[in-house]
>>> print(open('model.cif').read())   # mmCIF, C-alpha atoms
data_entry
loop_
_atom_site.label_atom_id
_atom_site.label_comp_id
_atom_site.auth_asym_id
_atom_site.auth_seq_id
_atom_site.Cartn_x
_atom_site.Cartn_y
_atom_site.Cartn_z
CA MET A 541 141.19 229.50 34.29
CA LYS A 542 141.10 227.39 37.40
CA SER A 543 141.41 224.37 35.18
CA LEU A 544 144.76 225.33 33.68
CA PRO A 545 147.04 223.64 36.26
CA LEU A 546 144.72 220.66 35.94
CA ILE A 547 145.27 220.58 32.20
CA ALA A 548 149.02 220.56 32.62
CA LEU A 549 148.70 217.77 35.14
CA LEU A 550 146.60 215.60 32.89
CA LEU A 551 148.39 216.16 29.59
CA PRO A 552 150.76 213.19 29.94
CA VAL A 553 147.78 210.93 30.61
CA ALA A 554 146.12 212.10 27.40
CA VAL A 555 149.29 211.40 25.45
CA PHE A 556 149.84 207.87 26.75
CA ALA A 557 146.26 206.64 26.82
CA ALA A 558 145.90 203.84 24.30
CA ASP A 559 142.51 204.04 22.64
CA ALA A 560 140.96 202.27 19.69
CA ASP A 561 141.89 204.12 16.51
CA TYR A 562 139.47 204.84 13.66
CA THR A 563 139.80 207.02 10.59
CA LEU A 564 137.28 208.97 8.55
CA VAL A 565 138.23 210.61 5.26
CA ILE A 566 136.56 213.67 3.79
CA LYS A 567 136.72 213.78 -0.01
CA ASP A 568 134.57 215.94 -2.30
CA HIS A 569 132.54 216.95 0.78
CA HIS A 570 131.59 213.33 1.55
CA PHE A 571 132.64 211.22 4.52
CA GLN A 572 134.27 207.89 3.75
CA PRO A 573 133.09 205.57 5.12
CA ALA A 574 129.67 207.17 5.58
CA GLU A 575 128.92 204.54 8.20
CA LEU A 576 131.60 203.67 10.73
CA THR A 577 131.15 200.78 13.14
CA VAL A 578 132.91 201.04 16.50
CA PRO A 579 132.75 198.94 19.65
CA ALA A 580 130.29 200.10 22.31
CA GLY A 581 131.56 200.87 25.79
CA LYS A 582 135.05 201.86 24.69
CA LYS A 583 136.71 205.20 24.23
CA ILE A 584 137.42 205.86 20.56
CA LYS A 585 140.21 207.93 19.07
CA LEU A 586 138.78 209.13 15.79
CA GLN A 587 141.08 210.59 13.15
CA VAL A 588 139.38 212.74 10.54
CA GLU A 589 141.38 213.43 7.42
CA ASN A 590 140.23 216.21 5.13
CA ARG A 591 141.48 215.64 1.60
CA ASP A 592 139.49 218.59 0.26
CA PRO A 593 141.24 221.94 -0.08
CA SER A 594 138.42 223.72 1.78
CA PRO A 595 137.93 223.59 5.56
CA GLU A 596 135.23 221.46 7.14
CA GLU A 597 133.72 221.15 10.60
CA PHE A 598 133.03 217.72 12.04
CA GLU A 599 129.88 218.11 14.10
CA SER A 600 127.52 215.78 15.89
CA HIS A 601 124.78 216.66 18.34
CA PRO A 602 124.29 213.15 19.76
CA LEU A 603 128.06 212.81 20.22
CA ASN A 604 128.28 216.39 21.54
CA ARG A 605 131.32 217.13 19.39
CA GLU A 606 132.43 219.84 16.98
CA LYS A 607 135.85 220.44 15.53
CA VAL A 608 137.15 222.38 12.56
CA ILE A 609 139.45 220.62 10.11
CA ALA A 610 141.54 222.83 7.84
CA GLY A 611 141.83 221.94 4.16
CA ASN A 612 144.22 219.07 3.40
CA SER A 613 144.88 218.20 7.03
CA ARG A 614 143.81 215.80 9.74
CA ILE A 615 142.57 216.10 13.29
CA THR A 616 142.01 213.81 16.24
CA ILE A 617 138.79 213.72 18.16
CA TYR A 618 137.93 211.56 21.16
CA ILE A 619 134.47 210.07 21.47
CA GLY A 620 132.73 207.65 23.76
CA PRO A 621 132.53 205.35 25.59
CA LEU A 622 129.25 205.00 23.69
CA ASP A 623 126.16 202.95 24.41
CA ALA A 624 125.14 200.71 21.52
CA GLY A 625 123.25 202.76 18.97
CA ARG A 626 123.48 205.08 15.97
CA TYR A 627 125.13 208.47 16.25
CA PRO A 628 124.72 210.67 13.16
CA PHE A 629 127.35 213.29 12.37
CA PHE A 630 127.79 215.84 9.60
CA GLY A 631 130.13 218.35 8.03
CA ASP A 632 128.78 221.69 9.16
CA PHE A 633 130.16 223.57 6.17
CA ASN A 634 128.75 221.18 3.55
CA GLN A 635 125.66 219.69 5.13
CA ALA A 636 124.04 218.80 1.80
CA THR A 637 126.57 216.04 1.11
CA ALA A 638 128.72 215.57 4.20
CA GLN A 639 126.57 213.22 6.30
CA GLY A 640 127.54 210.09 8.15
CA VAL A 641 126.77 207.92 11.11
CA ILE A 642 128.80 206.14 13.77
CA VAL A 643 127.30 202.82 14.79
CA ALA A 644 128.32 201.51 18.19
CA LYS A 645 127.85 197.77 18.64
CA MET B 642 121.39 230.25 0.46
CA PHE B 643 119.06 229.44 3.35
CA GLY B 644 121.49 226.91 4.76
CA THR B 645 124.29 229.46 4.67
CA ALA B 646 122.10 232.04 6.38
CA VAL B 647 121.33 229.60 9.21
CA ILE B 648 124.97 228.66 9.76
CA VAL B 649 126.19 232.26 9.81
CA PHE B 650 123.23 233.29 11.96
CA ARG B 651 124.11 230.65 14.53
CA GLU B 652 127.73 231.77 14.74
CA VAL B 653 126.91 235.48 14.82
CA LEU B 654 124.07 235.03 17.31
CA GLU B 655 126.31 233.92 20.17
CA ALA B 656 128.70 236.84 19.76
CA ALA B 657 125.80 239.27 19.20
CA ILE B 658 124.07 238.19 22.42
CA ILE B 659 127.28 238.63 24.39
CA ILE B 660 127.86 242.07 22.88
CA GLY B 661 124.22 243.03 23.50
CA ILE B 662 124.47 242.14 27.19
CA VAL B 663 127.88 243.76 27.64
CA ALA B 664 126.73 246.93 25.86
CA ALA B 665 123.68 247.14 28.12
CA ALA B 666 125.66 246.40 31.28
CA THR B 667 127.98 249.31 30.49
CA HIS B 668 125.48 251.72 28.96
CA ASP B 669 126.25 254.45 31.48
CA VAL B 670 129.99 254.40 31.01
CA PRO B 671 131.18 257.27 28.87
CA GLY B 672 133.31 256.32 25.92
CA ARG B 673 132.17 252.70 26.04
CA LYS B 674 131.12 252.88 22.39
CA ARG B 675 134.75 253.36 21.46
CA TRP B 676 135.73 250.45 23.69
CA LEU B 677 133.07 248.21 22.20
CA ALA B 678 134.06 249.16 18.67
CA ALA B 679 137.71 248.51 19.47
CA GLY B 680 136.81 245.09 20.92
CA LEU B 681 134.75 244.26 17.87
CA LEU B 682 137.50 245.31 15.50
CA ALA B 683 140.18 243.43 17.42
CA GLY B 684 137.93 240.37 17.43
CA LEU B 685 137.37 240.57 13.68
CA VAL B 686 141.07 240.91 12.93
CA GLY B 687 141.78 238.13 15.42
CA SER B 688 139.22 235.81 13.87
CA ALA B 689 140.84 236.21 10.45
CA VAL B 690 144.22 235.38 12.00
CA VAL B 691 142.78 232.37 13.86
CA ALA B 692 141.02 231.16 10.71
CA ALA B 693 144.25 231.44 8.74
CA SER B 694 146.18 229.50 11.39
CA THR B 695 143.57 226.75 11.92
CA ASP B 696 146.05 224.21 10.68
CA ALA B 697 148.83 225.31 13.04
CA ILE B 698 146.52 225.60 16.07
CA GLY B 699 145.00 222.18 15.34
CA ALA B 700 148.36 220.46 15.08
CA PHE B 701 149.57 221.92 18.39
CA ALA B 702 149.72 219.65 21.48
CA SER B 703 149.46 216.43 19.45
CA GLY B 704 146.23 217.35 17.71
CA ILE B 705 144.21 218.83 20.54
CA GLY B 706 145.36 222.44 20.05
CA GLN B 707 141.97 223.57 18.83
CA GLU B 708 140.24 222.32 21.98
CA LEU B 709 142.89 223.86 24.23
CA PHE B 710 142.66 227.15 22.36
CA ASN B 711 138.88 227.28 22.67
CA ALA B 712 138.94 226.25 26.32
CA ILE B 713 141.53 228.94 27.14
CA VAL B 714 139.65 231.65 25.24
CA LEU B 715 136.46 230.67 27.07
CA GLY B 716 138.32 230.53 30.38
CA ILE B 717 139.62 234.07 29.95
CA ALA B 718 136.15 235.32 29.04
CA VAL B 719 134.68 233.61 32.13
CA SER B 720 137.29 235.27 34.38
CA MET B 721 136.61 238.69 32.83
CA LEU B 722 132.85 238.35 33.26
CA ALA B 723 133.35 237.16 36.84
CA TRP B 724 135.57 240.14 37.58
CA HIS B 725 133.01 242.50 36.02
CA ASN B 726 130.16 241.13 38.11
CA ILE B 727 132.10 241.17 41.37
CA TRP B 728 133.34 244.69 40.66
CA MET B 729 129.81 245.87 39.90
CA SER B 730 128.53 244.28 43.12
CA SER B 731 131.05 246.14 45.21
CA HIS B 732 129.73 249.37 43.71
CA GLY B 733 126.09 248.29 43.67
CA ALA B 734 124.93 250.39 46.60
CA GLU B 735 126.57 253.48 45.18
CA LEU B 736 125.06 252.82 41.78
CA ALA B 737 121.55 252.29 43.13
CA ALA B 738 121.77 255.41 45.30
CA ASN B 739 122.59 257.76 42.46
CA ALA B 740 121.43 256.01 39.38
CA ARG B 741 121.24 259.28 37.53
CA HIS B 742 124.64 260.47 38.63
CA VAL B 743 126.83 257.47 38.32
CA GLY B 744 129.81 257.42 40.62
CA ARG B 745 133.09 258.90 39.52
CA GLU B 746 134.74 255.53 39.66
CA ILE B 747 132.52 254.24 36.88
CA ARG B 748 132.80 257.42 34.87
CA GLU B 749 136.49 256.94 34.97
CA GLY B 750 136.05 253.22 34.75
CA ARG B 751 138.71 252.72 32.19
CA SER B 752 140.04 249.44 33.55
CA GLU B 753 136.50 248.18 33.78
CA CYS B 754 135.91 249.00 30.13
CA SER B 755 139.06 247.36 28.93
CA ILE B 756 137.90 244.14 30.59
CA LEU B 757 134.66 244.21 28.66
CA LEU B 758 136.55 245.04 25.52
CA ILE B 759 138.41 241.78 25.98
CA VAL B 760 135.16 239.85 26.45
CA VAL B 761 133.68 241.35 23.29
CA GLY B 762 136.89 240.72 21.37
CA LEU B 763 137.06 237.09 22.49
CA ALA B 764 133.41 236.46 21.65
CA VAL B 765 133.91 237.80 18.14
CA LEU B 766 137.20 235.93 17.81
CA ARG B 767 135.70 232.54 18.60
CA GLU B 768 132.52 232.77 16.60
CA GLY B 769 134.03 234.89 13.86
CA SER B 770 136.87 232.54 12.98
CA GLU B 771 134.43 229.74 12.16
CA THR B 772 132.34 232.06 10.03
CA VAL B 773 135.44 233.22 8.18
CA LEU B 774 136.46 229.61 7.50
CA PHE B 775 132.99 228.69 6.34
CA LEU B 776 132.69 231.65 3.96
CA TYR B 777 136.24 231.13 2.77
CA GLY B 778 135.36 227.53 1.92
CA ILE B 779 132.44 228.73 -0.17
CA ALA B 780 134.47 231.38 -1.93
CA ALA B 781 137.34 228.95 -2.56
CA SER B 782 135.13 226.25 -4.04
CA GLY B 783 133.94 228.86 -6.54
CA ASN B 784 131.29 226.64 -8.09
CA GLY B 785 128.69 229.08 -9.38
CA GLY B 786 126.63 229.26 -6.21
CA THR B 787 128.99 231.72 -4.53
CA THR B 788 126.82 234.84 -4.83
CA PRO B 789 123.61 233.41 -3.30
CA MET B 790 125.71 231.76 -0.58
CA LEU B 791 127.37 235.05 0.32
CA ALA B 792 123.96 236.74 0.24
CA GLY B 793 122.82 234.05 2.68
CA GLY B 794 125.80 234.83 4.86
CA LEU B 795 124.82 238.50 4.88
CA ILE B 796 121.24 237.63 5.86
CA GLY B 797 122.53 235.45 8.70
CA LEU B 798 124.82 238.25 9.86
CA LEU B 799 121.98 240.77 9.86
CA GLY B 800 119.69 238.34 11.69
CA GLY B 801 122.27 237.86 14.43
CA ILE B 802 122.84 241.59 14.80
CA ILE B 803 119.09 242.22 15.05
CA VAL B 804 118.73 239.70 17.90
CA GLY B 805 121.76 241.15 19.70
CA TYR B 806 120.34 244.65 19.35
CA ALA B 807 116.90 243.52 20.52
CA ILE B 808 118.46 242.11 23.70
CA TYR B 809 120.38 245.35 24.23
CA ALA B 810 117.30 247.54 23.66
CA GLY B 811 115.16 245.24 25.80
CA LEU B 812 117.60 245.38 28.70
CA LEU B 813 117.70 249.18 28.60
CA ARG B 814 113.93 249.27 29.14
CA ILE B 815 114.30 247.56 32.50
CA PRO B 816 113.64 250.05 35.33
CA MET B 817 116.79 251.37 36.98
CA ARG B 818 116.01 249.64 40.28
CA TRP B 819 116.32 246.20 38.72
CA PHE B 820 118.70 247.02 35.93
CA PHE B 821 121.95 246.03 37.65
CA ALA B 822 120.40 242.91 39.13
CA ALA B 823 119.14 241.90 35.69
CA THR B 824 122.37 242.51 33.78
CA GLY B 825 124.34 240.94 36.63
CA ALA B 826 122.22 237.79 36.45
CA LEU B 827 122.61 237.61 32.68
CA VAL B 828 126.37 238.04 32.87
CA LEU B 829 126.50 235.36 35.58
CA LEU B 830 124.59 232.84 33.42
CA LEU B 831 126.65 233.80 30.38
CA ALA B 832 129.84 233.01 32.30
CA ALA B 833 128.48 229.69 33.61
CA GLY B 834 127.43 228.69 30.09
CA MET B 835 130.90 229.49 28.77
CA ALA B 836 132.46 227.38 31.51
CA SER B 837 130.28 224.47 30.46
CA GLN B 838 131.42 224.91 26.84
CA ALA B 839 135.04 224.99 27.98
CA ALA B 840 134.45 221.68 29.80
CA ARG B 841 133.01 220.21 26.61
CA PHE B 842 136.19 221.08 24.70
CA LEU B 843 138.39 219.56 27.40
CA ILE B 844 136.33 216.36 27.31
CA GLN B 845 136.61 216.29 23.52
CA ALA B 846 140.39 216.60 23.89
CA ASP B 847 140.31 213.69 26.36
CA ILE B 848 141.80 215.88 29.09
CA LEU B 849 138.78 215.63 31.37
CA PRO B 850 136.47 212.65 31.90
CA SER B 851 132.88 213.20 30.77
CA LEU B 852 131.51 211.68 34.03
CA ALA B 853 128.19 210.98 32.31
CA SER B 854 127.64 211.25 28.60
CA PRO B 855 125.03 212.44 28.13
CA LEU B 856 123.72 213.39 31.54
CA TRP B 857 120.28 213.98 30.04
CA ASP B 858 118.85 214.09 26.55
CA THR B 859 116.30 216.78 25.80
CA SER B 860 117.13 216.92 22.09
CA ALA B 861 113.65 215.58 21.23
CA ILE B 862 111.86 218.28 23.25
CA LEU B 863 114.14 221.27 22.72
CA PRO B 864 116.82 220.62 20.09
CA GLU B 865 119.85 222.86 20.23
CA GLN B 866 119.61 223.60 16.52
CA SER B 867 116.12 225.13 16.94
CA VAL B 868 115.87 228.90 17.37
CA PRO B 869 114.76 228.72 21.03
CA GLY B 870 117.49 226.15 21.64
CA MET B 871 120.12 228.40 20.05
CA LEU B 872 118.95 231.40 22.10
CA LEU B 873 118.98 229.44 25.34
CA HIS B 874 122.37 227.99 24.47
CA SER B 875 123.85 231.46 24.03
CA LEU B 876 122.04 233.05 26.96
CA ILE B 877 122.24 230.46 29.73
CA GLY B 878 124.43 227.73 28.22
CA TYR B 879 121.61 225.29 27.44
CA ASP B 880 122.85 221.95 26.12
CA ALA B 881 120.47 219.24 24.91
CA GLN B 882 122.92 216.39 25.62
CA PRO B 883 125.48 217.63 28.13
CA ALA B 884 128.21 215.62 29.79
CA GLY B 885 128.21 215.42 33.58
CA MET B 886 131.46 217.37 33.74
CA GLN B 887 129.81 220.28 31.93
CA LEU B 888 127.23 220.56 34.70
CA VAL B 889 130.03 220.42 37.30
CA PHE B 890 131.79 223.36 35.61
CA TYR B 891 128.50 225.24 35.22
CA VAL B 892 127.54 224.90 38.88
CA VAL B 893 131.03 225.57 40.23
CA VAL B 894 131.46 228.78 38.19
CA LEU B 895 127.92 229.93 38.95
CA THR B 896 128.40 229.38 42.68
CA ALA B 897 131.90 230.89 42.78
CA ILE B 898 130.86 234.10 41.00
CA ALA B 899 127.66 234.42 43.03
CA ALA B 900 129.67 233.97 46.23
CA GLY B 901 132.17 236.56 45.02
CA MET B 902 129.34 239.00 44.37
CA GLN B 903 127.89 238.43 47.84
CA TRP B 904 131.30 238.93 49.38
CA ALA B 905 131.86 242.17 47.46
CA LYS B 906 128.45 243.45 48.57
CA ARG B 907 129.20 242.97 52.28
CA PRO B 908 128.78 246.11 54.37
CA ARG B 909 132.11 247.79 55.00
CA LYS B 910 133.19 249.69 58.10
CA ILE B 911 134.73 253.00 57.22
#
>>> encode(input="model.cif", output="structure tokens")
Amino acid sequence: MKSLPLIALLLPVAVFAADADYTLVIKDHHFQPAELTVPAGKKIKLQVENRDPSPEEFESHPLNREKVIAGNSRITIYIGPLDAGRYPFFGDFNQATAQGVIVAK
Amino acid sequence: MFGTAVIVFREVLEAAIIIGIVAAATHDVPGRKRWLAAGLLAGLVGSAVVAASTDAIGAFASGIGQELFNAIVLGIAVSMLAWHNIWMSSHGAELAANARHVGREIREGRSECSILLIVVGLAVLREGSETVLFLYGIAASGNGGTTPMLAGGLIGLLGGIIVGYAIYAGLLRIPMRWFFAATGALVLLLAAGMASQAARFLIQADILPSLASPLWDTSAILPEQSVPGMLLHSLIGYDAQPAGMQLVFYVVVLTAIAAGMQWAKRPRKI
């Protein structure tokens, strides 16, 4: 709980930071695009839009991220700065089809 | 079905381990079963509410509500576990002296129990809401495979409960001399691991810098999705690819609670 005042202090920074914007769409339990190219060495603001009625969880071990996306809604997730390379991600609730990779160049 | 079992197992495991440790740490407190059951029930109801309001929570604070929510829930749990450990340390001598006849303060340790009730409730709330969403997604899609998927969910649930119970039963076999030291150490590591998870959410929300991302990468040797990886993640907060800030939180919370325990243990003049 020590971090709470800190959070309040840093909120405005989070709001005004201008980061590169990218969007992923979930449709029929697939990510579109399945391969997303982003610049290396920059912080990325990734929007994930779920056009399915069922919830999904964006998860990636190499990116160290996980976030639930309700049905028919969108979320924002910050990643990077990344070294050049491939960073697979998946939809935790539909792993059979929801697979993708972020390529940092 | 197997995939479903694994996902549900993973979610249940974390809560089950926390409940197992808390149940063992309080095994001498009368009426704690009622407290644990109440915590569990409150957590289950809460997880359904959280699952139903995923959309609203996510949209809060310009899209980082989910991270803030998780970080706050984890922060509260860390504070409760810290309080428990420090409180136990201040009564450690008394407890060790009459292990068979636990002090009156613990027998009447109502406030103490309500704290652990909150920890149990929060653990179930966090892990449960994801499970509810996942199973809801399956049920809502309704494409034939619902029954085997739900059966898989049940298997995962049972698996998690078995591990939690094994930890509980295992802890109770520890001789009385070391029992409080052992449960205290586990609670300490549990709290530090939760602090590291809270840091991860705050980095994800872009509120904290990652410092180093990742600080190390042991995903080839001990992946977090493996069973030992999952167990270590829940028990001591193991992360295969942690950010530097996570380690900062881990060490700071570990040191602060340990120092608090030492301070509480200091000999008092009467």
>>> interface_residues(input="model.cif", of="chain B", to="chain A", cutoff="7 Å", atoms="all atoms listed in the file", output="ChimeraX atom specification")
/B:695-696,699,704-705,716-717,720,774-775,778,781,845-848,882
>>> atom_distance(input="model.cif", atom1="atom CA of Leu715 of chain B", atom2="atom CA of Val588 of chain A")
24.6 Å
>>> resolve_selection(input="model.cif", expression="the PyMOL selection byres ((chain B and resi 787-796) around 12)", output="number ranges by chain")
A: 633-634; B: 642-653, 772-773, 775-786, 797-803
>>> axis_aligned_box(input="model.cif", around="segment 695-701 of chain B", padding_each_side="3 Å", output="AutoDock Vina command-line options")
--center_x 146.6 --center_y 223.6 --center_z 14.5 --size_x 12.0 --size_y 12.3 --size_z 13.7
>>> resolve_selection(input="model.cif", expression="the PyMOL selection byres ((chain A and resi 641) around 8)", output="list in words")
Ala574, Glu575, Leu576, Arg626, Tyr627, Pro628, Phe629, Gln639, Gly640, Ile642 and Val643 of chain A
>>> resolve_selection(input="model.cif", expression="the PyMOL selection byres ((chain A and resi 568) around 9)", output="mmCIF file with C-alpha atoms, in the coordinates of the input")
data_model
loop_
_atom_site.group_PDB
_atom_site.id
_atom_site.type_symbol
_atom_site.label_atom_id
_atom_site.label_comp_id
_atom_site.auth_asym_id
_atom_site.auth_seq_id
_atom_site.Cartn_x
_atom_site.Cartn_y
_atom_site.Cartn_z
ATOM 1 C CA ILE A 566 136.560 213.670 3.790
ATOM 2 C CA LYS A 567 136.720 213.780 -0.010
ATOM 3 C CA HIS A 569 132.540 216.950 0.780
ATOM 4 C CA HIS A 570 131.590 213.330 1.550
ATOM 5 C CA PHE A 571 132.640 211.220 4.520
ATOM 6 C CA ARG A 591 141.480 215.640 1.600
ATOM 7 C CA ASP A 592 139.490 218.590 0.260
ATOM 8 C CA THR A 637 126.570 216.040 1.110
ATOM 9 C CA ALA A 638 128.720 215.570 4.200
#
>>> atom_distance(input="model.cif", atom1="atom CA of Gly885 of chain B", atom2="atom CA of Ser854 of chain B")
6.5 Å
>>> atom_distance(input="model.cif", atom1="atom CA of His668 of chain B", atom2="atom CA of Leu813 of chain B")
8.2 Å
>>> closest_residue(input="model.cif", among="A:Phe598, A:Ala624, A:Ala560, A:Val565", to="Ile584 of chain A", atoms="only C-alpha atoms")
A:Ala560
>>> closest_residue(input="model.cif", among="B:Ser837, B:Ser875, B:Ser731, B:Ser694", to="Gln887 of chain B", atoms="all atoms listed in the file")
B:Ser837
>>> residues_near_point(input="model.cif", point="(123.5, 222.7, 27.8)", cutoff="10 Å", atoms="all atoms listed in the file", output="PyMOL selection string")
chain B and resi 834+837-838+841+857-859+865+870+873-875+877-884+887-888+891
>>> closest_residue(input="model.cif", among="B:Lys906, B:Ala666, B:Ile808, B:Ala657", to="Phe820 of chain B", atoms="all atoms listed in the file")
B:Ala666
>>> closest_residue(input="model.cif", among="B:Leu709, B:Ala823, B:Val804, B:Leu829", to="Ala900 of chain B", atoms="only C-alpha atoms")
B:Leu829
